[in-house]
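Asker: Dropping in data-v3.cif, which is mmCIF, C-alpha atoms:
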```cif
data_data
#
loop_
_atom_site.label_atom_id
_atom_site.label_comp_id
_atom_site.auth_asym_id
_atom_site.auth_seq_id
_atom_site.Cartn_x
_atom_site.Cartn_y
_atom_site.Cartn_z
CA MET A 1 0.00 0.00 0.00
CA SER A 2 3.04 2.25 0.18
CA GLN A 3 2.60 2.68 -3.59
CA LEU A 4 -0.52 4.85 -3.31
CA LEU A 5 1.71 7.86 -3.91
CA ASN A 6 2.46 7.68 -7.63
CA THR A 7 6.09 8.79 -7.67
CA GLN A 8 9.48 7.17 -7.95
CA THR A 9 11.31 10.27 -6.78
CA HIS A 10 11.03 12.54 -3.76
CA PRO A 11 7.30 13.30 -3.36
CA GLY A 12 6.11 16.80 -4.21
CA LYS A 13 3.44 19.07 -2.80
CA VAL A 14 -0.06 18.13 -1.67
CA LEU A 15 -2.51 20.45 -3.44
CA SER A 16 -6.01 20.88 -1.99
CA PHE A 17 -8.67 22.37 -4.29
CA GLY A 18 -11.83 23.96 -2.92
CA GLU A 19 -13.70 27.04 -1.77
CA LEU A 20 -12.40 29.17 1.08
CA LEU A 21 -15.20 30.43 3.32
CA LEU A 22 -15.62 32.58 6.38
CA ARG A 23 -17.52 30.76 9.13
CA PHE A 24 -19.47 32.88 11.60
CA SER A 25 -20.45 31.02 14.78
CA PRO A 26 -23.16 32.69 16.87
CA ASP A 27 -23.94 31.10 20.22
CA ALA A 28 -27.29 29.32 20.57
CA TYR A 29 -28.80 31.96 22.91
CA GLY A 30 -28.04 35.18 21.02
CA GLU A 31 -25.51 36.50 23.52
CA TRP A 32 -23.17 37.37 20.64
CA PHE A 33 -25.50 40.26 19.81
CA ASN A 34 -25.36 41.68 23.34
CA ARG A 35 -21.57 41.40 23.37
CA ASN A 36 -21.17 42.77 19.83
CA GLN A 37 -18.88 39.81 19.14
CA LEU A 38 -19.31 37.09 16.52
CA PRO A 39 -16.55 34.43 16.30
CA VAL A 40 -15.22 34.03 12.75
CA TYR A 41 -12.99 31.35 11.26
CA ILE A 42 -11.22 31.05 7.89
CA VAL A 43 -12.41 27.66 6.69
CA GLY A 44 -13.30 25.24 3.90
CA ALA A 45 -13.14 21.44 3.85
CA GLU A 46 -10.11 21.35 1.58
CA LEU A 47 -8.41 24.29 3.30
CA ASN A 48 -8.79 22.45 6.61
CA VAL A 49 -6.87 19.54 5.09
CA SER A 50 -4.10 21.89 3.94
CA ASN A 51 -3.84 23.55 7.36
CA ASN A 52 -3.60 20.18 9.09
CA LEU A 53 -0.97 18.83 6.71
CA ALA A 54 1.11 22.00 7.00
CA LEU A 55 1.03 21.70 10.80
CA TRP A 56 2.28 18.11 10.47
CA GLY A 57 5.19 19.11 8.26
CA LEU A 58 3.95 18.19 4.78
CA PRO A 59 4.38 20.62 1.84
CA ALA A 60 0.75 21.77 1.66
CA LYS A 61 -0.47 23.88 -1.24
CA TYR A 62 -3.95 25.33 -1.67
CA PHE A 63 -5.98 26.44 -4.69
CA THR A 64 -9.11 28.54 -4.50
CA ALA A 65 -10.53 31.70 -6.07
CA LEU A 66 -10.78 34.95 -4.10
CA PRO A 67 -11.48 38.61 -4.89
CA ASP A 68 -8.41 40.84 -5.02
CA ASN A 69 -8.95 43.17 -2.05
CA GLY A 70 -7.75 44.04 1.44
CA LEU A 71 -9.78 41.34 3.20
CA THR A 72 -8.28 38.70 0.93
CA ALA A 73 -4.79 40.01 1.72
CA GLN A 74 -5.44 39.44 5.43
CA ILE A 75 -6.79 35.94 4.72
CA ILE A 76 -3.76 35.05 2.60
CA LYS A 77 -1.40 36.21 5.34
CA SER A 78 -3.19 33.96 7.82
CA LEU A 79 -2.84 30.93 5.54
CA GLN A 80 0.83 31.66 4.95
CA ASN A 81 1.39 31.96 8.71
CA ASN A 82 -0.01 28.42 8.94
CA GLY A 83 2.62 27.24 6.46
CA VAL A 84 0.28 26.81 3.48
CA ASP A 85 1.60 27.59 -0.02
CA THR A 86 -0.87 30.14 -1.48
CA SER A 87 1.05 30.89 -4.69
CA SER A 88 -1.58 29.35 -6.99
CA ILE A 89 -4.65 31.09 -5.58
CA HIS A 90 -6.64 32.65 -8.42
CA TYR A 91 -7.83 36.24 -7.98
CA ARG A 92 -11.18 37.11 -9.52
CA GLY A 93 -14.74 38.10 -8.65
CA ASN A 94 -16.14 40.26 -5.88
CA ARG A 95 -16.90 38.23 -2.78
CA VAL A 96 -15.79 35.55 -0.35
CA GLY A 97 -18.39 32.89 0.48
CA LEU A 98 -19.81 32.80 4.02
CA TYR A 99 -21.74 30.48 6.24
CA TYR A 100 -23.26 30.73 9.68
CA LEU A 101 -23.24 27.80 12.09
CA THR A 102 -24.45 27.84 15.67
CA GLU A 103 -21.60 27.04 18.08
CA GLY A 104 -21.29 23.36 18.98
CA HIS A 105 -23.24 21.99 16.01
CA ASP A 106 -21.89 20.36 12.87
CA VAL A 107 -22.50 21.21 9.22
CA LYS A 108 -25.16 18.52 8.81
CA HIS A 109 -27.35 20.24 11.41
CA ASN A 110 -30.25 22.59 10.61
CA ALA A 111 -28.28 25.34 12.36
CA ILE A 112 -26.22 25.99 9.21
CA ILE A 113 -27.04 28.89 6.87
CA TYR A 114 -25.07 29.30 3.63
CA ASP A 115 -24.34 32.66 2.02
CA ARG A 116 -22.01 31.73 -0.81
CA ALA A 117 -23.95 32.39 -4.04
CA ASN A 118 -21.97 34.33 -6.67
CA SER A 119 -18.74 33.98 -4.72
CA ALA A 120 -15.41 34.17 -6.55
CA PHE A 121 -15.10 30.38 -6.38
CA ALA A 122 -18.71 29.62 -7.36
CA GLU A 123 -18.24 31.60 -10.58
CA LEU A 124 -15.12 29.71 -11.74
CA LYS A 125 -15.43 28.39 -15.27
CA PRO A 126 -13.52 25.78 -17.31
CA GLY A 127 -10.79 26.92 -19.67
CA VAL A 128 -9.58 29.76 -17.43
CA ILE A 129 -6.93 28.24 -15.13
CA ASP A 130 -3.49 27.14 -16.35
CA TRP A 131 -3.55 23.76 -14.62
CA ASP A 132 -0.10 22.77 -15.90
CA LYS A 133 1.30 25.69 -13.93
CA VAL A 134 -0.84 25.07 -10.83
CA LEU A 135 0.06 21.35 -10.76
CA ASP A 136 3.77 21.86 -11.30
CA GLY A 137 5.66 20.13 -8.49
CA VAL A 138 2.48 18.52 -7.13
CA SER A 139 2.35 14.77 -6.41
CA TRP A 140 -1.01 14.62 -4.57
CA PHE A 141 -4.29 16.36 -5.48
CA HIS A 142 -7.21 16.48 -3.05
CA PHE A 143 -10.78 17.73 -3.47
CA SER A 144 -14.18 17.05 -1.93
CA ALA A 145 -17.76 16.52 -3.02
CA ILE A 146 -18.54 20.03 -1.78
CA CYS A 147 -16.83 21.50 -4.87
CA PRO A 148 -19.13 20.04 -7.55
CA ALA A 149 -22.14 20.73 -5.32
CA VAL A 150 -21.63 24.49 -5.74
CA SER A 151 -22.52 24.89 -9.42
CA GLN A 152 -22.39 23.13 -12.79
CA ASP A 153 -19.44 25.31 -13.82
CA VAL A 154 -17.43 24.32 -10.75
CA ALA A 155 -18.29 20.66 -11.35
CA ASP A 156 -16.93 21.08 -14.88
CA VAL A 157 -13.77 22.73 -13.51
CA CYS A 158 -13.35 19.76 -11.17
CA GLU A 159 -13.48 17.34 -14.09
CA GLU A 160 -11.08 19.53 -16.05
CA VAL A 161 -8.36 19.54 -13.37
CA LEU A 162 -8.90 15.88 -12.44
CA GLU A 163 -8.31 14.76 -16.01
CA ILE A 164 -5.07 16.74 -16.21
CA ALA A 165 -3.86 15.61 -12.78
CA SER A 166 -4.58 12.00 -13.71
CA GLN A 167 -2.64 12.34 -16.96
CA LYS A 168 0.32 13.63 -14.95
CA GLY A 169 0.26 10.57 -12.69
CA ILE A 170 -0.65 12.62 -9.62
CA THR A 171 -2.28 10.70 -6.76
CA ILE A 172 -5.89 11.90 -6.31
CA SER A 173 -8.10 11.72 -3.22
CA VAL A 174 -11.71 12.71 -2.60
CA ASP A 175 -13.78 13.25 0.51
CA MET A 176 -17.39 12.39 -0.34
CA ASN A 177 -18.89 14.80 2.15
CA TYR A 178 -22.56 15.26 1.34
CA ARG A 179 -24.17 18.68 1.88
CA ALA A 180 -27.82 18.44 0.83
CA LYS A 181 -28.35 22.22 1.03
CA LEU A 182 -25.70 22.83 -1.64
CA TRP A 183 -26.99 20.62 -4.46
CA GLN A 184 -29.42 23.21 -5.82
CA TYR A 185 -28.54 23.68 -9.50
CA GLY A 186 -30.63 20.87 -10.95
CA LYS A 187 -28.21 17.94 -10.72
CA SER A 188 -28.15 15.22 -8.08
CA PRO A 189 -24.83 13.93 -6.67
CA LEU A 190 -25.44 10.63 -8.47
CA GLN A 191 -25.49 12.50 -11.80
CA VAL A 192 -22.16 14.21 -11.11
CA MET A 193 -19.91 12.33 -8.69
CA PRO A 194 -19.22 9.04 -10.54
CA ALA A 195 -17.58 10.96 -13.41
CA LEU A 196 -15.23 12.60 -10.90
CA VAL A 197 -14.60 9.66 -8.57
CA LYS A 198 -13.32 7.54 -11.48
CA TYR A 199 -10.06 9.55 -11.32
CA CYS A 200 -9.46 8.88 -7.61
CA ASP A 201 -6.88 6.64 -5.94
CA LEU A 202 -8.22 7.19 -2.41
CA ILE A 203 -11.93 7.58 -1.65
CA MET A 204 -13.05 8.64 1.81
CA GLY A 205 -16.58 9.01 3.14
CA ASN A 206 -19.14 6.69 4.70
CA ILE A 207 -21.53 4.02 3.54
CA TRP A 208 -24.45 6.45 3.35
CA ALA A 209 -22.50 8.90 1.16
CA ALA A 210 -21.51 6.05 -1.15
CA GLU A 211 -25.18 5.22 -1.61
CA THR A 212 -26.23 8.83 -2.21
CA MET A 213 -23.37 9.81 -4.50
CA LEU A 214 -22.32 6.60 -6.22
CA GLY A 215 -25.50 4.52 -6.13
CA ILE A 216 -23.92 1.74 -4.07
CA ASN A 217 -26.83 0.34 -2.08
CA ILE A 218 -26.66 -0.48 1.61
CA ILE A 219 -28.96 -2.63 3.73
CA PRO A 220 -32.35 -0.86 4.16
CA GLY A 221 -32.88 0.36 7.71
CA ILE A 222 -29.27 -0.31 8.71
CA HIS A 223 -29.40 2.61 11.16
CA GLU A 224 -32.01 0.78 13.19
CA SER A 225 -29.63 -2.05 14.02
CA GLY A 226 -27.03 0.05 15.80
CA GLN A 227 -24.73 -2.98 15.67
CA LYS A 228 -21.09 -2.27 14.98
CA SER A 229 -20.56 -5.69 13.37
CA ILE A 230 -23.26 -4.91 10.78
CA TYR A 231 -21.75 -1.50 10.01
CA ILE A 232 -18.29 -3.04 9.58
CA LYS A 233 -19.64 -5.74 7.29
CA GLU A 234 -21.45 -3.12 5.21
CA SER A 235 -18.26 -1.07 5.06
CA LEU A 236 -16.43 -4.06 3.54
CA LYS A 237 -19.16 -4.66 0.98
CA THR A 238 -19.37 -0.96 0.03
CA SER A 239 -15.58 -0.69 -0.29
CA GLN A 240 -15.39 -3.74 -2.54
CA ASN A 241 -18.22 -2.42 -4.72
CA ILE A 242 -16.50 0.96 -5.05
CA MET A 243 -13.29 -0.69 -6.23
CA GLU A 244 -15.18 -2.82 -8.74
CA GLN A 245 -16.99 0.22 -10.10
CA PHE A 246 -13.90 2.49 -10.06
CA PRO A 247 -10.82 0.38 -10.90
CA LYS A 248 -8.34 3.26 -10.43
CA CYS A 249 -9.21 3.32 -6.72
CA LYS A 250 -6.62 1.68 -4.45
CA ALA A 251 -8.07 2.46 -1.00
CA VAL A 252 -11.49 3.21 0.51
CA ALA A 253 -11.94 4.71 3.98
CA ASN A 254 -15.22 4.92 5.91
CA THR A 255 -16.01 6.83 9.08
CA PHE A 256 -18.70 6.01 11.63
CA ARG A 257 -19.62 8.83 14.01
CA PHE A 258 -22.75 8.47 16.08
CA ASP A 259 -23.87 11.56 17.99
CA ALA A 260 -26.32 11.75 20.87
CA THR A 261 -26.29 15.40 22.01
CA ASN A 262 -22.65 15.73 23.11
CA ASP A 263 -22.06 11.98 23.45
CA VAL A 264 -20.02 10.79 20.48
CA LYS A 265 -18.94 7.30 19.47
CA TYR A 266 -16.37 7.17 16.66
CA TYR A 267 -14.54 4.49 14.69
CA THR A 268 -13.35 4.00 11.11
CA THR A 269 -12.36 1.42 8.49
CA LEU A 270 -9.83 1.32 5.65
CA TYR A 271 -9.99 -1.19 2.80
CA THR A 272 -6.92 -1.75 0.62
CA ASP A 273 -5.06 -4.68 -0.93
CA ASN A 274 -8.15 -6.88 -0.44
CA GLN A 275 -8.08 -6.39 3.33
CA LEU A 276 -10.33 -4.39 5.68
CA TYR A 277 -8.66 -2.65 8.63
CA ASN A 278 -10.70 -1.48 11.64
CA SER A 279 -9.70 1.32 13.97
CA GLY A 280 -10.00 1.45 17.73
CA GLU A 281 -13.27 2.84 19.08
CA TYR A 282 -13.38 6.28 20.70
CA GLU A 283 -16.08 7.74 22.94
CA THR A 284 -16.63 11.07 24.67
CA GLY A 285 -19.38 12.89 26.54
CA HIS A 286 -17.94 16.35 25.89
CA VAL A 287 -17.49 18.00 22.49
CA VAL A 288 -16.18 21.51 21.80
CA ASP A 289 -16.51 21.75 17.99
CA LYS A 290 -17.67 19.02 15.61
CA VAL A 291 -16.70 20.88 12.43
CA GLY A 292 -13.55 19.69 10.67
CA SER A 293 -13.31 16.26 12.27
CA GLY A 294 -13.78 14.51 8.92
CA ASP A 295 -11.27 16.84 7.27
CA CYS A 296 -8.80 15.92 9.99
CA PHE A 297 -9.37 12.23 9.28
CA MET A 298 -8.79 12.87 5.57
CA ALA A 299 -5.58 14.77 6.32
CA GLY A 300 -4.45 11.90 8.55
CA LEU A 301 -4.90 9.42 5.70
CA ILE A 302 -2.96 11.63 3.29
CA TYR A 303 -0.21 12.15 5.89
CA GLY A 304 0.19 8.40 6.39
CA PHE A 305 0.10 7.37 2.74
CA TYR A 306 2.38 10.25 1.74
CA ASN A 307 4.95 9.10 4.28
CA LYS A 308 4.43 5.44 3.27
CA HIS A 309 3.48 4.31 6.75
CA GLU A 310 2.10 0.87 7.57
CA VAL A 311 -1.62 0.65 6.74
CA ASN A 312 -2.97 -0.04 10.22
CA GLY A 313 -0.85 2.81 11.58
CA ILE A 314 -2.25 5.14 8.92
CA LEU A 315 -5.80 4.34 9.96
CA GLU A 316 -5.15 4.66 13.70
CA PHE A 317 -3.36 8.00 13.29
CA ALA A 318 -6.13 9.43 11.11
CA THR A 319 -8.83 8.22 13.52
CA ALA A 320 -7.11 9.63 16.59
CA ALA A 321 -6.53 12.95 14.78
CA ALA A 322 -10.23 13.19 13.87
CA PHE A 323 -11.37 12.35 17.39
CA GLU A 324 -8.99 14.83 19.03
CA LYS A 325 -10.34 17.56 16.71
CA LEU A 326 -13.70 17.33 18.54
CA PHE A 327 -12.11 19.11 21.51
CA ILE A 328 -10.66 22.05 19.53
CA LYS A 329 -12.48 25.24 18.50
CA GLY A 330 -12.33 26.09 14.81
CA ASP A 331 -12.14 23.90 11.73
CA SER A 332 -8.52 22.73 11.87
CA THR A 333 -6.57 20.82 14.46
CA THR A 334 -3.86 22.30 16.67
CA LYS A 335 -2.55 18.86 17.69
CA THR A 336 0.96 17.93 16.61
CA VAL A 337 1.92 14.52 15.22
CA ALA A 338 3.43 13.58 18.58
CA GLU A 339 0.28 14.57 20.48
CA ILE A 340 -1.94 12.59 18.10
CA LYS A 341 0.26 9.51 18.35
CA LYS A 342 0.00 9.74 22.13
CA ALA A 343 -3.80 9.73 21.84
CA MET A 344 -3.90 6.69 19.53
CA LYS A 345 -5.54 3.51 20.79
#
```
When written as structure tokens, how does the structure in this file appear?
Answerer:
Amino acid sequence: MSQLLNTQTHPGKVLSFGELLLRFSPDAYGEWFNRNQLPVYIVGAELNVSNNLALWGLPAKYFTALPDNGLTAQIIKSLQNNGVDTSSIHYRGNRVGLYYLTEGHDVKHNAIIYDRANSAFAELKPGVIDWDKVLDGVSWFHFSAICPAVSQDVADVCEEVLEIASQKGITISVDMNYRAKLWQYGKSPLQVMPALVKYCDLIMGNIWAAETMLGINIIPGIHESGQKSIYIKESLKTSQNIMEQFPKCKAVANTFRFDATNDVKYYTTLYTDNQLYNSGEYETGHVVDKVGSGDCFMAGLIYGFYNKHEVNGILEFATAAAFEKLFIKGDSTTKTVAEIKKAMK
């Protein structure tokens, strides 16, 4: 499995492609209004991956589209301070996308409100970006299912860059994070995602996302069972079906996070080389911020495969990183590699 990174020489940069957003997080009781303070974070699923990888010492590069103004300059400085290469960011348009999320909730909750229409990224079109230049020195390309959910044009841009990255032999990963509120331009995920996933070497998500986005059926009413053994078995079946349907894929990772108020149970699987690996199981009764946990898991997978670690170690590191993120405010982790390894089961 050490061959997931398609390079015979020293590996290059890890490029994450996606929309940068500003996340505003009002408290649930409206006290932010009385205090005249509204917490804000510089975020985005793919940016979170870049921030995490940069913290862990990997050469992280980020592509997005932003307006050329003073606010953007401050944002860019923040990313650079995190160690992220921003040299390929494309400047165009008039606005940065926003979203509002009540503190303590995650992005699948009804507490999220998007305000990202007509953003610089949402108005990207094919045939504009010099991908040969952007991908120069890159050995790993990462994107998520959030990108093609934004608009048909952005979905077309995704396919454009994926085709070129694949031709260059760059390893490609996708996080199949499903955001129902974003798929509003007349296409369903099932009409869009298979054409993009066919380019991917590493596919991360969960069994429900695989059904929604790739049409890979799971047992009806599986949620009613609540049995870990059934979920694990379904993870194996889903992973095998994904690899049959998308022969370029070399590894499939699935997360299982079950929330009951602040009580969280979390474990994961990784299927590669005809073998399913299961992580340790983590539980907590106290959560600070649920946002970015999946991005942290994705970054952990990339970190392990990039460094050609042993497969079980890759999975355990990524799982511990994702779980530890639940106790950190903001979208990215602040935990070092050493701290995460200490938390591993």
Asker: Which residues, named as in the file, does the PyMOL selection byres ((chain A and resi 297) around 9) pick out? Answer as a list in words.
Answerer: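 Selection result, ordered by chain and number: Val49, Thr255, Gly292, Ser293, Gly294, Asp295, Cys296, Met298, Ala299, Gly300, Leu301, Ile302, Leu315, Phe317, Ala318, Thr319, Ala320, Ala321, Ala322 and Phe323 of chain A.
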Asker: Might you spell out which residues the PyMOL selection byres ((chain A and resi 72-86) around 10) would select in the displayed file, as a count of residues only?
Answerer: 35
Asker: Near Tyr266 (chain A), within 8 Å and counting only C-alpha atoms, which residues show up once chain neighbours fewer than 2 positions away are dropped, as a list in words?
Answerer: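 With the cut-off at 8 Å, the set is Thr255, Phe256, Arg257, Phe258, Val264, Thr268, Glu281, Tyr282, Glu283 and Phe323 of chain A.
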Asker: Quick one: of A:Val291, A:His142, A:Asn34, A:Leu270, who's nearest to Ser332 (chain A), counting all atoms listed in the file?
Answerer: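 Looking at the shortest contact to Ser332 (chain A), the residue is A:Val291.
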Asker: Taking the file as shown, find all residues satisfying the PyMOL selection byres ((chain A and resi 160) around 12) and write them as a list in words.
Answerer: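 In the shown coordinates, the PyMOL selection byres ((chain A and resi 160) around 12) covers Leu124, Lys125, Pro126, Gly127, Val128, Ile129, Asp130, Trp131, Asp132, Pro148, Asp153, Val154, Ala155, Asp156, Val157, Cys158, Glu159, Val161, Leu162, Glu163, Ile164, Ala165, Ser166, Gln167, Ala195, Leu196 and Tyr199 of chain A.
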Asker: Can you measure CA of Leu101 (chain A) to CA of Arg23 (chain A) for me? One decimal in Å is fine.
Answerer: 7.1 Å
